[in-house]
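Participant: This is the structure I want to talk about, given as structure tokens.
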Amino acid sequence: MARLPPGIRFIISFSRDQWYRAFIFILTFLLYASFHLSRKPISIVKGELHRFCTAPNEGEVHFHSQSQKAGDTAPHRLPGNGTDCGWAPFDQDNYQQLLGALDYAFLCAYAVGMYLSGVIGERLPIRYYLTAGMLASGALTALFGLGYFYDIHSFGFYVVTQVVNGLVQTTGWPSVVTCLGNWFGKGRRGLIMGVWNSHTSVGNILGSLIAGFWVSTCWGLSFIVPGAIVAAMGIVCFLFLIEHPKDIACSSTLVKGGRLDHPAPGPGFPGQCHHPLPHFLTSPLTLLHPKAYENGAHRFRLQKQVLTDERSKPLDPEMQCLLLSDGKHSGHQNHVVILPADGGGGMAAISFTGALKIPGVIEFSLCLLFAKLVSYTFLFWLPLYITNVDHLDVRKAGELSTLFDVGGIFGGILAGVISDRLEKRASTCGLMLLLAAPTLYVFSAISKMGLEATVAMLLLCGALVSGPYALITTAVSADLGTHKSLKGNAHALATVTAIIDGTGSVGAALGPLLAGLISPSGWSNVFYMLMFADACALLFLIRLIHKELSCPGLATGDQVPFKEH
């Protein structure tokens with residue numbers, strides 16, 4: 001018999017379950033990257049909506065900076081505009097306030113909608129909910145760009161479009177985090193979600209490049225093309241997203257050799273999956289009162305064995321598991337009953353106030369408020385800052401700004417790896433926030449010295465600013481959404497995620513607005529505001545950091561010991 005080709009051997013080396021997990025990982029990555037791809041064009045197009053120019057003599061225009069310079073093609077005259085120095089109404093002296101109001105309209109609606117989105121999303125099928133949101137978001141993103149082709153100069157039109165788009169985009173984050181949480185357990189969650197959360201930076205980079213391609217010639221396409229991509233991904237979501245492992249009938253019945261053995265596929269066994277079991281489930285043991293062990297598609301329920309010695313005092317279930325893993329186990333025969341996971345379907349969805357009572361939710365939410373304020377200020381204003389300081393045109397400034405997102409990819413992964421290794425989420429965030437504040441100050445000073453210094457500081461700032469933001473919105477949210485006090489209620493994850501990200505989105509709304517109000521007095525003042533926000537974010541984590549350092553074995557999801565009643 002001929003030996004199998006290497007590619008085929010590689011494929012069959014993974015179980016069906018592992019292939020599905022990889023597929024869901026990649027699919028949710030692309031789905032949310034497309035959301036961020038559609039948010040980036042507004043920051044790229046700002047330099048085109050308002051160009052710095054003067055018209056000392058009628059019919060003569062001198063361009064000081066941005067996408068068109070003196071000596072370039074003759075200015076095109078727009079209806080209602082004296083010259084092509086901007087797009088009305090953003091061609092006025094208060095353009096920074098108007099552009100800041102556009103950011104605020106989107107992000108404020110996003111923040112308000114996020115609190116509702118989690119509650120609604122956990123009561124609806126994720127696939128339908130996410131698909132509807134992506135189709136609507138694609139249409140609204142494209143609608144903003146249609147203002148160019150239909151010569152729309154109403155400020156109200158652009159504000160309303162941003163508000164509605166902000167609301168429908170709230171369908172994305174709780175849906176993808178809940179879906180990913182259904183498929184992946186707590187093991188190496190920081191690393192897995194750190195890699196996965198790079199979709200934010202990947203989406204921002206692609207959005208910058210796509211928007212920058214058309215910004216100087218036809219900025220309407222800078223919105224229409226990303227809108228079409230989001231809508232297309234919505235269709236992909238509808239066709240391929242699997243919300244929960246149980247939806248593909250991954251069920252197993254036997255335990256053998258540390259893995260779930262299964263019959264050959266056939267009637268009643270539609271493509272079984274391999275699921276590795278932890279050591280304590282494969283050793284002979286005396287099982288205590290009912291307790292569920294969640295592992296993706298299955299729940300392993302440990303049932304108590306009746307002991308003849310009534311004087312035997314039961315041990316804590318978790319301590320029993322630790323003893324068993326050391327090989328000290330009871331000689332009695334016992335059983336593991338494997339039940340299909342119901343995803344918590346038998347439990348009621350958690351209330352908003354109930355989610356707030358989970359230890360750590362309030363502290364991390366307030367920390368994220370200030371961390372996201374810094375991150376989104378860079379997201380919406382960095383290209384314009386580079387244009388003003390380094391005197392680059394709009395397209396080159398947009399391309400250069402992607403280095404911040406490249407740094408963000410490494411920062412998110414680094415934060416996940418460190419927090420997994422130390423098992424200290426709050427301390428990891430605190431360290432990066434502590435380093436971020438002085439780095440922002442250095443960036444504000446060095447960026448004026450030349451392009452090379454700007455490149456290096458963009459990468460460093462991106463890593464330190466995006467690291468805590470990425471860790472809190474992914475691994476921390478998932479940890480808290482599966483906190484022991486919830487007693488296995490899987491419905492809580494969407495609500496907890498929405499509360500944390502919704503509170504962070506309040507900061508995301510305030511940051512760009514404050515940048516628009518402060519920047520006329522000087523960009524240095526904007527950086528002082530960002531450093532102050534980083535310091536506030538760190539302060540809200542002090543209590544959790546102290547608790548982690550004083551209790552070395554305490555993880556984010558275990559801050560209050562769980563007791564069965």
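Letters A, B, ... mark the chains of the structure tokens in the order given; residue numbers begin at 1 per chain; ligand numbers begin at 1, in order shown.
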With only C-alpha atoms as the counted atoms, please give the residues lying no more than 8 Å from Ala478 (chain A), apart from itself and same-chain residues fewer than 5 positions off, as a short mmCIF file (atom, residue, chain, number, x, y, z; two decimals) with N, CA, C and O atoms, in the first residue's frame.
Facilitator:
data_model
loop_
_atom_site.label_atom_id
_atom_site.label_comp_id
_atom_site.auth_asym_id
_atom_site.auth_seq_id
_atom_site.Cartn_x
_atom_site.Cartn_y
_atom_site.Cartn_z
N VAL A 177 -17.62 37.22 20.17
CA VAL A 177 -16.97 36.78 21.41
C VAL A 177 -17.74 35.61 22.02
O VAL A 177 -17.15 34.64 22.51
N GLY A 181 -16.25 31.99 22.53
CA GLY A 181 -16.27 31.42 23.87
C GLY A 181 -16.94 30.07 23.93
O GLY A 181 -16.58 29.21 24.74
N LEU A 493 -22.28 35.29 28.97
CA LEU A 493 -21.10 35.78 28.27
C LEU A 493 -21.40 36.99 27.40
O LEU A 493 -20.65 37.97 27.39
N THR A 497 -19.80 40.68 28.16
CA THR A 497 -18.99 41.26 27.08
C THR A 497 -19.55 42.61 26.65
O THR A 497 -18.79 43.57 26.43
#
Participant: Using only C-alpha atoms, determine which residues lie at most 7 Å from Gly408 (chain A), disregarding the query and same-chain residues fewer than 6 positions distant; provide the list as a PDB file with C-alpha atoms, in the first residue's frame.
Facilitator:
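After the write, part.pdb holds the following:
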ATOM      1  CA  SER A 201      -5.525  45.859  13.719  1.00  0.00           C
ATOM      2  CA  GLY A 462       0.594  50.716  19.157  1.00  0.00           C
ATOM      3  CA  ALA A 463       1.814  47.752  21.216  1.00  0.00           C
ATOM      4  CA  SER A 466      -3.567  48.218  22.220  1.00  0.00           C
ATOM      5  CA  GLY A 467      -2.284  45.477  24.554  1.00  0.00           C
TER       6      GLY A 467
END
Participant: Have a look at A:Asp534, A:Asp390, A:Asp91, A:Glu363 and name the one nearest to Leu431 (chain A); count only C-alpha atoms.
Facilitator: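 Looking only at the distances to Leu431 (chain A), the closest residue turns out to be A:Asp534.
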Participant: Quick check, in Å to one decimal: how far apart do CA of Thr474 (chain A) and CA of Tyr376 (chain A) lie?
Facilitator: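 Going from CA of Thr474 (chain A) over to CA of Tyr376 (chain A), I get 16.9 Å.
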Participant: Ranking A:Leu458, A:Ile12, A:Val361, A:Val225 by minimum distance to Ile446 (chain A) and counting only C-alpha atoms, which one comes first?
Facilitator: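 Between A:Leu458, A:Ile12, A:Val361, A:Val225, the residue approaching Ile446 (chain A) most closely is A:Leu458.
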Participant: Taking only C-alpha atoms into account, name the residue in A:Ile472, A:Leu435, A:Val164, A:Ile24 that is nearest to Val112 (chain A).
Facilitator: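 The closest residue to Val112 (chain A) is A:Val164.
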Participant: Out of A:Cys551, A:Ala109, A:Met193, A:Leu403, which residue has the shortest atom-to-atom distance to Leu460 (chain A) when counting only C-alpha atoms?
Facilitator: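 Of A:Cys551, A:Ala109, A:Met193, A:Leu403, the one nearest Leu460 (chain A), counting only C-alpha atoms, is A:Leu403.
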Participant: Region 150-159 of chain A: which residues within 7 Å, counting only C-alpha atoms, same-chain residues fewer than 2 positions away excluded, as a list in words?
Facilitator: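 Counting only the stated atoms, we get Ala88, Pro89, Leu102, Ala105, Phe144, Leu146, Gly147, Tyr148, Thr161, Gln162 and Val163 of chain A.
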Participant: Restricting the calculation to only C-alpha atoms, which member of A:Ile358, A:Leu209, A:Ala139, A:Ala397 is positioned closest to Val230 (chain A)?
Facilitator: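 Nearest candidate to Val230 (chain A) out of A:Ile358, A:Leu209, A:Ala139, A:Ala397: A:Ala139.
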Participant: If you run DSSP over the backbone, which residues in region 363-528 of chain A end up alpha helix (DSSP H)? Put them as a VMD selection string.
Facilitator: chain A and resid 363 to 390 394 to 422 425 to 446 451 to 471 477 to 481 492 to 518 523 to 528
Participant: Determine, counting only C-alpha atoms, which protein, DNA and RNA residues have an atom within 9 Å of an atom of Ile518 (chain A); residues of the same chain fewer than 6 positions away are not included. Present the result as a list in words.
Facilitator: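 Residues near the query, excluding close chain neighbours: Asn525, Val526 and Met529 of chain A.
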Participant: Return the single residue from A:His199, A:Ile210, A:Leu241, A:Leu221 that is closest to Ile126 (chain A), with distances computed using only C-alpha atoms.
Facilitator: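 The closest residue to Ile126 (chain A) is A:Leu241.
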